[in-house]
$ cat target37.tsv   # TSV, C-alpha atoms
chain	number	residue	atom	x	y	z
A	1	MET	CA	22.24	14.63	-14.71
A	2	HIS	CA	22.10	13.72	-18.40
A	3	ILE	CA	25.63	14.21	-19.70
A	4	PRO	CA	25.64	15.93	-23.11
A	5	ASP	CA	28.23	15.13	-25.79
A	6	GLY	CA	29.25	18.77	-25.41
A	7	LEU	CA	31.07	17.84	-22.20
A	8	ILE	CA	33.10	15.09	-23.90
A	9	THR	CA	35.95	17.39	-24.75
A	10	ASN	CA	39.27	15.56	-24.80
A	11	ALA	CA	40.98	12.17	-24.95
A	12	PRO	CA	40.43	11.27	-21.26
A	13	SER	CA	36.71	12.00	-21.55
A	14	ILE	CA	36.44	9.90	-24.71
A	15	ALA	CA	38.23	7.09	-22.87
A	16	ALA	CA	35.76	7.45	-19.99
A	17	ALA	CA	32.85	7.36	-22.47
A	18	VAL	CA	34.16	4.12	-24.01
A	19	VAL	CA	34.67	2.50	-20.60
A	20	MET	CA	31.11	3.41	-19.56
A	21	TRP	CA	29.68	2.10	-22.85
A	22	ILE	CA	31.35	-1.25	-22.15
A	23	ALA	CA	30.24	-1.29	-18.49
A	24	SER	CA	26.65	-0.46	-19.46
A	25	ILE	CA	26.51	-3.09	-22.19
A	26	ALA	CA	27.80	-5.69	-19.71
A	27	PHE	CA	25.12	-4.82	-17.14
A	28	LEU	CA	22.35	-4.59	-19.73
A	29	ALA	CA	23.32	-7.97	-21.18
A	30	TRP	CA	23.15	-9.41	-17.68
A	31	SER	CA	19.76	-7.83	-16.97
A	32	TRP	CA	18.44	-9.03	-20.35
A	33	LYS	CA	19.52	-12.58	-19.54
A	34	LYS	CA	17.99	-12.39	-16.04
A	35	ALA	CA	14.83	-10.74	-17.38
A	36	LYS	CA	14.27	-13.52	-19.90
A	37	ALA	CA	14.46	-16.10	-17.12
A	38	THR	CA	12.30	-14.15	-14.68
A	39	TYR	CA	9.26	-12.39	-16.07
A	40	SER	CA	5.87	-13.50	-17.28
A	41	ARG	CA	3.70	-12.04	-20.04
A	42	SER	CA	1.94	-9.82	-17.51
A	43	ILE	CA	5.03	-7.60	-17.29
A	44	THR	CA	4.55	-6.19	-20.82
A	45	ALA	CA	1.79	-3.65	-20.11
A	46	LEU	CA	3.34	-2.52	-16.83
A	47	LEU	CA	6.75	-2.17	-18.48
A	48	ALA	CA	5.29	-0.04	-21.28
A	49	ILE	CA	3.22	2.21	-19.03
A	50	SER	CA	5.81	2.75	-16.33
A	51	SER	CA	8.51	3.56	-18.92
A	52	ALA	CA	6.19	6.08	-20.58
A	53	PHE	CA	5.42	7.66	-17.21
A	54	VAL	CA	9.11	7.99	-16.33
A	55	PHE	CA	9.77	9.67	-19.69
A	56	ALA	CA	7.00	12.19	-19.00
A	57	ALA	CA	8.04	12.76	-15.39
A	58	GLN	CA	11.65	13.43	-16.42
A	59	MET	CA	10.42	16.37	-18.53
A	60	ILE	CA	9.16	18.20	-15.46
A	61	ASN	CA	11.99	19.98	-13.66
A	62	PHE	CA	11.32	21.11	-10.11
A	63	PRO	CA	13.25	24.06	-8.69
A	64	ILE	CA	15.64	23.42	-5.82
A	65	ALA	CA	17.62	26.28	-4.31
A	66	PHE	CA	20.34	28.45	-5.94
A	67	GLY	CA	18.60	28.94	-9.30
A	68	THR	CA	19.00	25.24	-10.00
A	69	SER	CA	16.48	22.54	-10.88
A	70	GLY	CA	16.23	18.79	-10.86
A	71	HIS	CA	13.79	16.18	-12.07
A	72	LEU	CA	12.73	12.71	-11.10
A	73	VAL	CA	15.07	10.08	-12.53
A	74	GLY	CA	12.72	7.26	-11.59
A	75	GLY	CA	15.22	4.42	-11.37
A	76	THR	CA	14.12	3.25	-7.94
A	77	PHE	CA	10.46	3.77	-8.89
A	78	LEU	CA	10.93	1.41	-11.85
A	79	ALA	CA	12.88	-1.05	-9.71
A	80	VAL	CA	10.00	-1.38	-7.22
A	81	LEU	CA	7.39	-1.81	-9.97
A	82	LEU	CA	9.38	-4.02	-12.32
A	83	GLY	CA	12.26	-5.51	-10.39
A	84	PRO	CA	15.90	-4.67	-11.08
A	85	TYR	CA	16.29	-6.32	-14.49
A	86	ALA	CA	13.33	-4.84	-16.35
A	87	ALA	CA	13.95	-1.52	-14.57
A	88	MET	CA	17.41	-1.25	-16.14
A	89	LEU	CA	16.03	-2.11	-19.58
A	90	SER	CA	13.07	0.25	-19.19
A	91	MET	CA	15.25	3.21	-18.18
A	92	THR	CA	17.62	2.45	-21.07
A	93	ILE	CA	14.70	2.82	-23.49
A	94	VAL	CA	13.74	6.16	-21.93
A	95	LEU	CA	17.34	7.38	-22.21
A	96	LEU	CA	17.67	6.12	-25.81
A	97	MET	CA	14.59	8.05	-26.91
A	98	GLN	CA	15.81	11.17	-25.08
A	99	ALA	CA	19.26	10.98	-26.68
A	100	PHE	CA	18.15	10.24	-30.24
A	101	PHE	CA	15.01	12.31	-30.57
A	102	PHE	CA	15.35	15.08	-28.00
A	103	ALA	CA	19.14	15.56	-27.77
A	104	ASP	CA	18.76	15.18	-23.99
A	105	GLY	CA	21.94	13.35	-23.03
A	106	GLY	CA	24.63	12.62	-25.60
A	107	ILE	CA	25.21	9.68	-27.91
A	108	ILE	CA	28.93	9.35	-27.20
A	109	ALA	CA	27.97	9.91	-23.55
A	110	PHE	CA	25.14	7.38	-23.75
A	111	GLY	CA	27.10	4.67	-21.93
A	112	MET	CA	27.69	7.09	-19.06
A	113	ASN	CA	24.05	8.09	-18.80
A	114	ALA	CA	22.86	4.49	-19.11
A	115	PHE	CA	25.15	3.45	-16.28
A	116	ASN	CA	24.49	6.43	-14.00
A	117	MET	CA	20.72	6.23	-14.27
A	118	ALA	CA	19.56	2.87	-15.71
A	119	VAL	CA	22.10	0.51	-14.13
A	120	ILE	CA	22.34	2.35	-10.80
A	121	GLY	CA	18.55	2.77	-10.70
A	122	GLY	CA	18.03	-0.95	-11.20
A	123	LEU	CA	20.70	-1.84	-8.65
A	124	SER	CA	18.98	0.34	-6.03
A	125	PHE	CA	16.51	-2.57	-5.81
A	126	PHE	CA	19.12	-4.54	-3.90
A	127	LEU	CA	19.41	-1.77	-1.32
A	128	ILE	CA	15.66	-2.06	-0.70
A	129	LYS	CA	16.08	-5.81	-0.48
A	130	LEU	CA	18.82	-5.38	2.09
A	131	PHE	CA	16.85	-2.93	4.24
A	132	THR	CA	13.57	-4.88	4.15
A	133	ARG	CA	15.32	-8.24	4.57
A	134	GLY	CA	13.50	-9.46	1.49
A	135	SER	CA	9.97	-8.89	2.78
A	136	ALA	CA	7.64	-6.74	0.67
A	137	GLY	CA	5.25	-6.45	3.62
A	138	SER	CA	7.93	-4.92	5.82
A	139	ARG	CA	7.09	-1.67	7.57
A	140	ARG	CA	10.51	-0.58	6.46
A	141	LEU	CA	9.50	-0.72	2.79
A	142	ILE	CA	8.63	2.96	2.37
A	143	PRO	CA	11.65	4.33	4.29
A	144	SER	CA	13.81	1.90	2.29
A	145	VAL	CA	12.35	3.22	-0.95
A	146	PHE	CA	13.15	6.79	0.13
A	147	ILE	CA	16.74	5.96	1.05
A	148	ALA	CA	17.32	3.86	-2.07
A	149	SER	CA	16.01	6.71	-4.27
A	150	TRP	CA	18.28	9.25	-2.61
A	151	VAL	CA	21.31	6.95	-2.74
A	152	SER	CA	20.70	6.12	-6.42
A	153	VAL	CA	20.73	9.83	-7.31
A	154	MET	CA	23.88	10.43	-5.23
A	155	VAL	CA	25.75	7.47	-6.73
A	156	GLY	CA	24.68	8.52	-10.23
A	157	ALA	CA	25.82	12.08	-9.54
A	158	LEU	CA	29.15	10.87	-8.13
A	159	LEU	CA	29.79	8.76	-11.23
A	160	ALA	CA	28.70	11.62	-13.51
A	161	ALA	CA	31.05	13.96	-11.64
A	162	VAL	CA	33.99	11.64	-12.25
A	163	GLU	CA	33.00	11.04	-15.88
A	164	VAL	CA	32.75	14.73	-16.81
A	165	SER	CA	35.79	15.76	-14.74
A	166	PRO	CA	38.22	15.80	-17.72
A	167	ALA	CA	36.27	18.80	-19.08
A	168	PHE	CA	36.94	20.75	-15.87
A	169	ALA	CA	40.25	22.45	-15.16
A	170	GLY	CA	39.93	21.50	-11.48
A	171	GLY	CA	39.09	17.84	-12.26
A	172	ILE	CA	37.30	15.68	-9.70
A	173	LEU	CA	38.31	18.02	-6.89
A	174	VAL	CA	35.73	20.50	-8.14
A	175	THR	CA	33.18	18.26	-9.89
A	176	VAL	CA	32.63	15.69	-7.13
A	177	PRO	CA	31.86	18.05	-4.21
A	178	SER	CA	29.67	20.35	-6.29
A	179	MET	CA	27.73	17.57	-8.03
A	180	LEU	CA	27.13	15.85	-4.69
A	181	PHE	CA	26.06	19.16	-3.12
A	182	TYR	CA	23.30	19.88	-5.67
A	183	HIS	CA	22.23	16.26	-5.99
A	184	ALA	CA	21.94	15.78	-2.24
A	185	ILE	CA	19.03	18.23	-2.53
A	186	ILE	CA	17.71	16.91	-5.87
A	187	GLY	CA	17.84	13.41	-4.32
A	188	LEU	CA	15.43	14.53	-1.58
A	189	GLY	CA	12.96	15.42	-4.35
A	190	GLU	CA	13.59	12.01	-5.94
A	191	GLY	CA	12.97	10.31	-2.59
A	192	ALA	CA	9.83	12.32	-1.85
A	193	ILE	CA	8.25	11.79	-5.29
A	194	THR	CA	9.17	8.10	-5.42
A	195	THR	CA	7.82	7.50	-1.91
A	196	VAL	CA	4.52	9.25	-2.65
A	197	LEU	CA	4.11	7.34	-5.93
A	198	ILE	CA	4.95	3.97	-4.42
A	199	SER	CA	2.80	4.38	-1.33
A	200	SER	CA	-0.18	5.50	-3.44
A	201	ILE	CA	0.23	2.54	-5.77
A	202	GLN	CA	0.59	0.24	-2.76
A	203	ARG	CA	-2.73	1.55	-1.45
A	204	MET	CA	-4.68	1.62	-4.71
A	205	GLN	CA	-3.12	-1.02	-6.96
A	206	PRO	CA	-0.89	-3.34	-4.89
A	207	ALA	CA	-0.88	-5.86	-7.74
A	208	MET	CA	1.12	-3.38	-9.83
A	209	MET	CA	4.17	-3.64	-7.59
A	210	GLY	CA	5.36	-6.74	-9.39
A	211	GLY	CA	9.03	-6.02	-8.79
A	212	LEU	CA	8.63	-6.71	-5.10
A	213	THR	CA	7.84	-10.36	-5.73
A	214	LEU	CA	11.51	-10.59	-6.67
A	215	LEU	CA	12.60	-9.42	-3.21
A	216	LYS	CA	12.58	-12.98	-1.92
A	217	GLU	CA	14.52	-14.31	-4.87
A	218	LYS	CA	18.02	-15.51	-4.15
A	219	THR	CA	20.16	-13.49	-6.49
A	220	LYS	CA	22.50	-15.60	-8.54
A	221	LEU	CA	24.82	-13.47	-10.62
B	1	MET	CA	-7.06	-2.67	-21.22
B	2	LYS	CA	-9.42	0.12	-20.11
B	3	LYS	CA	-7.31	0.65	-17.01
B	4	HIS	CA	-4.16	0.93	-19.11
B	5	LEU	CA	-5.75	3.50	-21.39
B	6	ALA	CA	-6.78	5.49	-18.33
B	7	VAL	CA	-3.18	5.52	-17.06
B	8	VAL	CA	-1.86	6.63	-20.48
B	9	ALA	CA	-4.51	9.37	-20.62
B	10	SER	CA	-3.52	10.56	-17.16
B	11	ILE	CA	0.14	10.77	-18.25
B	12	VAL	CA	-0.96	13.11	-21.06
B	13	VAL	CA	-3.01	15.18	-18.59
B	14	PHE	CA	-0.02	15.22	-16.21
B	15	LEU	CA	2.15	16.69	-19.00
B	16	ALA	CA	-0.50	19.25	-19.99
B	17	VAL	CA	-0.76	20.47	-16.38
B	18	PHE	CA	2.89	20.39	-15.34
B	19	ILE	CA	4.74	21.56	-18.47
B	20	PRO	CA	3.91	25.25	-17.83
B	21	LEU	CA	4.91	24.84	-14.17
B	22	ALA	CA	8.25	23.13	-14.86
B	23	SER	CA	11.38	25.01	-13.83
B	24	SER	CA	13.57	26.25	-16.66
B	25	SER	CA	16.59	26.74	-14.37
B	26	PRO	CA	19.71	24.73	-15.24
B	27	ASP	CA	19.81	21.24	-13.71
B	28	GLY	CA	22.49	20.10	-11.25
B	29	LEU	CA	25.07	19.18	-13.90
B	30	GLU	CA	24.44	22.31	-16.00
B	31	ARG	CA	24.76	24.41	-12.84
B	32	VAL	CA	28.11	22.83	-11.99
B	33	ALA	CA	29.40	23.42	-15.54
B	34	GLU	CA	28.25	27.06	-15.34
B	35	ASN	CA	29.79	27.59	-11.90
B	36	PHE	CA	33.21	26.54	-13.16
B	37	GLY	CA	32.92	28.30	-16.53
B	38	VAL	CA	32.96	25.10	-18.58
B	39	GLU	CA	31.48	25.71	-22.03
B	40	GLU	CA	29.82	22.82	-23.79
B	41	HIS	CA	30.94	22.49	-27.38
B	42	ALA	CA	28.21	22.11	-29.99
B	43	PRO	CA	26.92	18.52	-30.21
B	44	PHE	CA	27.16	16.64	-33.52
B	45	TRP	CA	23.58	15.42	-33.14
B	46	ASN	CA	20.69	17.70	-32.30
B	47	GLY	CA	17.83	15.23	-32.38
B	48	LEU	CA	14.59	15.85	-34.20
B	49	MET	CA	12.92	17.63	-31.30
B	50	SER	CA	15.86	19.22	-29.57
B	51	ASP	CA	15.08	20.53	-26.09
B	52	TYR	CA	11.60	18.98	-26.20
B	53	ALA	CA	10.28	21.38	-28.80
B	54	ILE	CA	8.92	20.92	-32.31
B	55	ALA	CA	10.56	23.64	-34.40
B	56	ALA	CA	7.58	24.03	-36.75
B	57	ILE	CA	5.24	25.00	-33.90
B	58	GLY	CA	5.58	28.58	-32.69
B	59	ASP	CA	3.68	28.40	-29.41
B	60	PRO	CA	6.17	27.07	-26.83
B	61	TYR	CA	3.50	25.36	-24.69
B	62	VAL	CA	1.89	23.51	-27.61
B	63	SER	CA	5.32	22.68	-29.04
B	64	THR	CA	6.65	21.16	-25.80
B	65	LEU	CA	3.38	19.40	-25.00
B	66	LEU	CA	3.25	17.78	-28.46
B	67	ALA	CA	6.92	16.76	-28.24
B	68	GLY	CA	6.27	15.31	-24.79
B	69	VAL	CA	3.16	13.39	-25.84
B	70	LEU	CA	4.95	12.08	-28.94
B	71	GLY	CA	7.91	10.98	-26.82
B	72	THR	CA	5.62	9.33	-24.28
B	73	PHE	CA	3.98	7.25	-27.00
B	74	MET	CA	7.33	6.36	-28.58
B	75	VAL	CA	8.60	5.10	-25.21
B	76	LEU	CA	5.31	3.27	-24.62
B	77	LEU	CA	5.62	1.44	-27.94
B	78	ALA	CA	9.36	0.69	-27.62
B	79	ALA	CA	8.99	-0.65	-24.07
B	80	PHE	CA	5.97	-2.73	-25.11
B	81	LEU	CA	7.97	-4.33	-27.94
B	82	LEU	CA	10.87	-4.93	-25.56
B	83	GLY	CA	8.48	-6.66	-23.15
B	84	LYS	CA	7.18	-8.87	-25.96
B	85	MET	CA	10.71	-9.89	-26.91
B	86	MET	CA	11.73	-10.40	-23.30
B	87	VAL	CA	9.17	-13.01	-22.28
B	88	PRO	CA	8.97	-16.43	-23.92
B	89	LYS	CA	5.49	-17.01	-25.42
B	90	ASN	CA	4.50	-19.95	-23.26
B	91	ARG	CA	5.40	-18.47	-19.88
B	92	GLU	CA	2.34	-17.50	-17.89
B	93	VAL	CA	3.41	-17.21	-14.28
B	94	LEU	CA	6.28	-15.38	-12.71
B	95	ASN	CA	9.16	-17.77	-12.40
B	96	LYS	CA	9.78	-18.41	-8.71
B	97	GLN	CA	13.34	-19.54	-8.38
$ encode --input "target37.tsv" --output "structure tokens"
Amino acid sequence: MHIPDGLITNAPSIAAAVVMWIASIAFLAWSWKKAKATYSRSITALLAISSAFVFAAQMINFPIAFGTSGHLVGGTFLAVLLGPYAAMLSMTIVLLMQAFFFADGGIIAFGMNAFNMAVIGGLSFFLIKLFTRGSAGSRRLIPSVFIASWVSVMVGALLAAVEVSPAFAGGILVTVPSMLFYHAIIGLGEGAITTVLISSIQRMQPAMMGGLTLLKEKTKL
Amino acid sequence: MKKHLAVVASIVVFLAVFIPLASSSPDGLERVAENFGVEEHAPFWNGLMSDYAIAAIGDPYVSTLLAGVLGTFMVLLAAFLLGKMMVPKNREVLNKQ
């Protein structure tokens, strides 16, 4: 769902791009502030490795139906490993590298992509927190991870649909239903991959799931 | 440290195995744009390795794999530096609020 600059076609889409730049900067500034108050040195290696993995995983598109493909976004995956704040920052780095070096996702559209994937991905942490009632040992953890992954893709797709709608003659009436249709299926892939990754890490390297220690934290905004 | 190197090595192996298997079909957004006949205009910035390929390398598998490995290491380094900047030097334990 990386929005290319090629879909920023007219004044309303430029306005949308500016709004999403501002919204993303606001959320990233918040997550930076929270991250500085939250993490210990031990986050550094995990942050580096999990960001690198998400970059690699995003390169591998899996086919869904209708001659269409999708790939892991990894926002919820990062949120479970790193917590919401570092997850947003980590995904932003992945998206920055993709935009600047690989022309995957635009530069004008960067605020949109950062919001749809990095901010929403990080925020999906709070959905897991809600479903598990703040307990990392909850039996609901894995189902919560699946649902949060699916929802994060759907919310990202919904936002993307609205953001690119000025380029479409039919506007949101055509972009929203069709984006949600394809991403409802892509989101199942996101949920399946994230769930498999998280449950394997939980079994083999439970200490890596550092983000979950933040589940109990009372969130002060 | 050894464990970290092992994970990085397995990311490279993951790319080497899965790049040839990856679907080249349009993704959800590209599909929607195609369905409604929306043409993307040419971007003003093409990146150095546009579409995850290194132009100088003819073989598409080698080209994409090298671009992917390079990107993986760039993200690894950038995220590591971010982590260093993010955490104050003297903090050892996770801050329980």
$ residues_around --input "target37.tsv" --residues "Glu190 in chain A" --least-positions-apart "6" --cutoff "7 Å" --atoms "all atoms listed in the file" --output "ChimeraX atom specification"
/A:72,149-150
$ write_last_selection --input "target37.tsv" --atoms "C-alpha atoms" --output "PDB file, in the coordinates of the input"
ATOM      1  CA  LEU A  72      12.730  12.710 -11.100  1.00  0.00           C
ATOM      2  CA  SER A 149      16.010   6.710  -4.270  1.00  0.00           C
ATOM      3  CA  TRP A 150      18.280   9.250  -2.610  1.00  0.00           C
TER       4      TRP A 150
END
$ residues_near_point --input "target37.tsv" --point "(12.4, -5.0, -13.7)" --cutoff "10 Å" --atoms "all atoms listed in the file" --output "PDB file with C-alpha atoms, in the coordinates of the input"
ATOM      1  CA  SER A  31      19.760  -7.830 -16.970  1.00  0.00           C
ATOM      2  CA  TRP A  32      18.440  -9.030 -20.350  1.00  0.00           C
ATOM      3  CA  LYS A  34      17.990 -12.390 -16.040  1.00  0.00           C
ATOM      4  CA  ALA A  35      14.830 -10.740 -17.380  1.00  0.00           C
ATOM      5  CA  THR A  38      12.300 -14.150 -14.680  1.00  0.00           C
ATOM      6  CA  TYR A  39       9.260 -12.390 -16.070  1.00  0.00           C
ATOM      7  CA  ILE A  43       5.030  -7.600 -17.290  1.00  0.00           C
ATOM      8  CA  LEU A  46       3.340  -2.520 -16.830  1.00  0.00           C
ATOM      9  CA  LEU A  47       6.750  -2.170 -18.480  1.00  0.00           C
ATOM     10  CA  LEU A  78      10.930   1.410 -11.850  1.00  0.00           C
ATOM     11  CA  ALA A  79      12.880  -1.050  -9.710  1.00  0.00           C
ATOM     12  CA  VAL A  80      10.000  -1.380  -7.220  1.00  0.00           C
ATOM     13  CA  LEU A  81       7.390  -1.810  -9.970  1.00  0.00           C
ATOM     14  CA  LEU A  82       9.380  -4.020 -12.320  1.00  0.00           C
ATOM     15  CA  GLY A  83      12.260  -5.510 -10.390  1.00  0.00           C
ATOM     16  CA  PRO A  84      15.900  -4.670 -11.080  1.00  0.00           C
ATOM     17  CA  TYR A  85      16.290  -6.320 -14.490  1.00  0.00           C
ATOM     18  CA  ALA A  86      13.330  -4.840 -16.350  1.00  0.00           C
ATOM     19  CA  ALA A  87      13.950  -1.520 -14.570  1.00  0.00           C
ATOM     20  CA  MET A  88      17.410  -1.250 -16.140  1.00  0.00           C
ATOM     21  CA  LEU A  89      16.030  -2.110 -19.580  1.00  0.00           C
ATOM     22  CA  SER A  90      13.070   0.250 -19.190  1.00  0.00           C
ATOM     23  CA  MET A  91      15.250   3.210 -18.180  1.00  0.00           C
ATOM     24  CA  GLY A 122      18.030  -0.950 -11.200  1.00  0.00           C
ATOM     25  CA  PHE A 125      16.510  -2.570  -5.810  1.00  0.00           C
ATOM     26  CA  GLY A 210       5.360  -6.740  -9.390  1.00  0.00           C
ATOM     27  CA  GLY A 211       9.030  -6.020  -8.790  1.00  0.00           C
ATOM     28  CA  LEU A 212       8.630  -6.710  -5.100  1.00  0.00           C
ATOM     29  CA  LEU A 214      11.510 -10.590  -6.670  1.00  0.00           C
TER      30      LEU A 214
END
$ interface_residues --input "target37.tsv" --of "chain B" --to "chain A" --cutoff "6 Å" --atoms "all atoms listed in the file" --output "PyMOL selection string"
chain B and resi 22-23+25-29+40-43+46-52+72+75-76+79-80+83+86-87+91-95
$ atom_distance --input "target37.tsv" --atom1 "CA of Ser144 in chain A" --atom2 "CA of Ala207 in chain A"
19.4 Å
$ residues_around --input "target37.tsv" --residues "range 196-202 of chain A" --least-positions-apart "4" --cutoff "9 Å" --atoms "all atoms listed in the file" --output "list in words"
Phe77, Val80, Leu81, Ile142, Val145, Gly191, Ala192, Pro206, Ala207, Met208 and Met209 of chain A
$ build_atoms --input "target37.tsv" --residues "range 56-68 of chain A" --atoms "N, CA and C atoms" --output "mmCIF file, in the frame of the given file"
data_model
loop_
_atom_site.group_PDB
_atom_site.id
_atom_site.type_symbol
_atom_site.label_atom_id
_atom_site.label_comp_id
_atom_site.auth_asym_id
_atom_site.auth_seq_id
_atom_site.Cartn_x
_atom_site.Cartn_y
_atom_site.Cartn_z
ATOM 1 N N ALA A 56 7.766 10.958 -19.214
ATOM 2 C CA ALA A 56 7.000 12.190 -19.000
ATOM 3 C C ALA A 56 7.466 12.911 -17.743
ATOM 4 N N ALA A 57 7.659 12.148 -16.670
ATOM 5 C CA ALA A 57 8.040 12.760 -15.390
ATOM 6 C C ALA A 57 9.410 13.428 -15.485
ATOM 7 N N GLN A 58 10.311 12.836 -16.290
ATOM 8 C CA GLN A 58 11.650 13.430 -16.420
ATOM 9 C C GLN A 58 11.626 14.777 -17.143
ATOM 10 N N MET A 59 10.513 15.068 -17.832
ATOM 11 C CA MET A 59 10.420 16.370 -18.530
ATOM 12 C C MET A 59 10.136 17.507 -17.562
ATOM 13 N N ILE A 60 9.625 17.161 -16.369
ATOM 14 C CA ILE A 60 9.160 18.200 -15.460
ATOM 15 C C ILE A 60 10.233 18.507 -14.415
ATOM 16 N N ASN A 61 10.972 19.581 -14.631
ATOM 17 C CA ASN A 61 11.990 19.980 -13.660
ATOM 18 C C ASN A 61 11.361 20.731 -12.501
ATOM 19 N N PHE A 62 11.775 20.356 -11.280
ATOM 20 C CA PHE A 62 11.320 21.110 -10.110
ATOM 21 C C PHE A 62 12.475 21.967 -9.618
ATOM 22 N N PRO A 63 12.173 23.186 -9.156
ATOM 23 C CA PRO A 63 13.250 24.060 -8.690
ATOM 24 C C PRO A 63 13.782 23.572 -7.339
ATOM 25 N N ILE A 64 15.098 23.571 -7.172
ATOM 26 C CA ILE A 64 15.640 23.420 -5.820
ATOM 27 C C ILE A 64 16.142 24.812 -5.461
ATOM 28 N N ALA A 65 17.152 24.937 -4.649
ATOM 29 C CA ALA A 65 17.620 26.280 -4.310
ATOM 30 C C ALA A 65 18.649 26.753 -5.347
ATOM 31 N N PHE A 66 19.190 27.932 -5.186
ATOM 32 C CA PHE A 66 20.340 28.450 -5.940
ATOM 33 C C PHE A 66 20.108 28.511 -7.445
ATOM 34 N N GLY A 67 18.872 28.826 -7.879
ATOM 35 C CA GLY A 67 18.600 28.940 -9.300
ATOM 36 C C GLY A 67 18.880 27.658 -10.071
ATOM 37 N N THR A 68 18.675 26.539 -9.409
ATOM 38 C CA THR A 68 19.000 25.240 -10.000
ATOM 39 C C THR A 68 17.747 24.365 -9.935
#
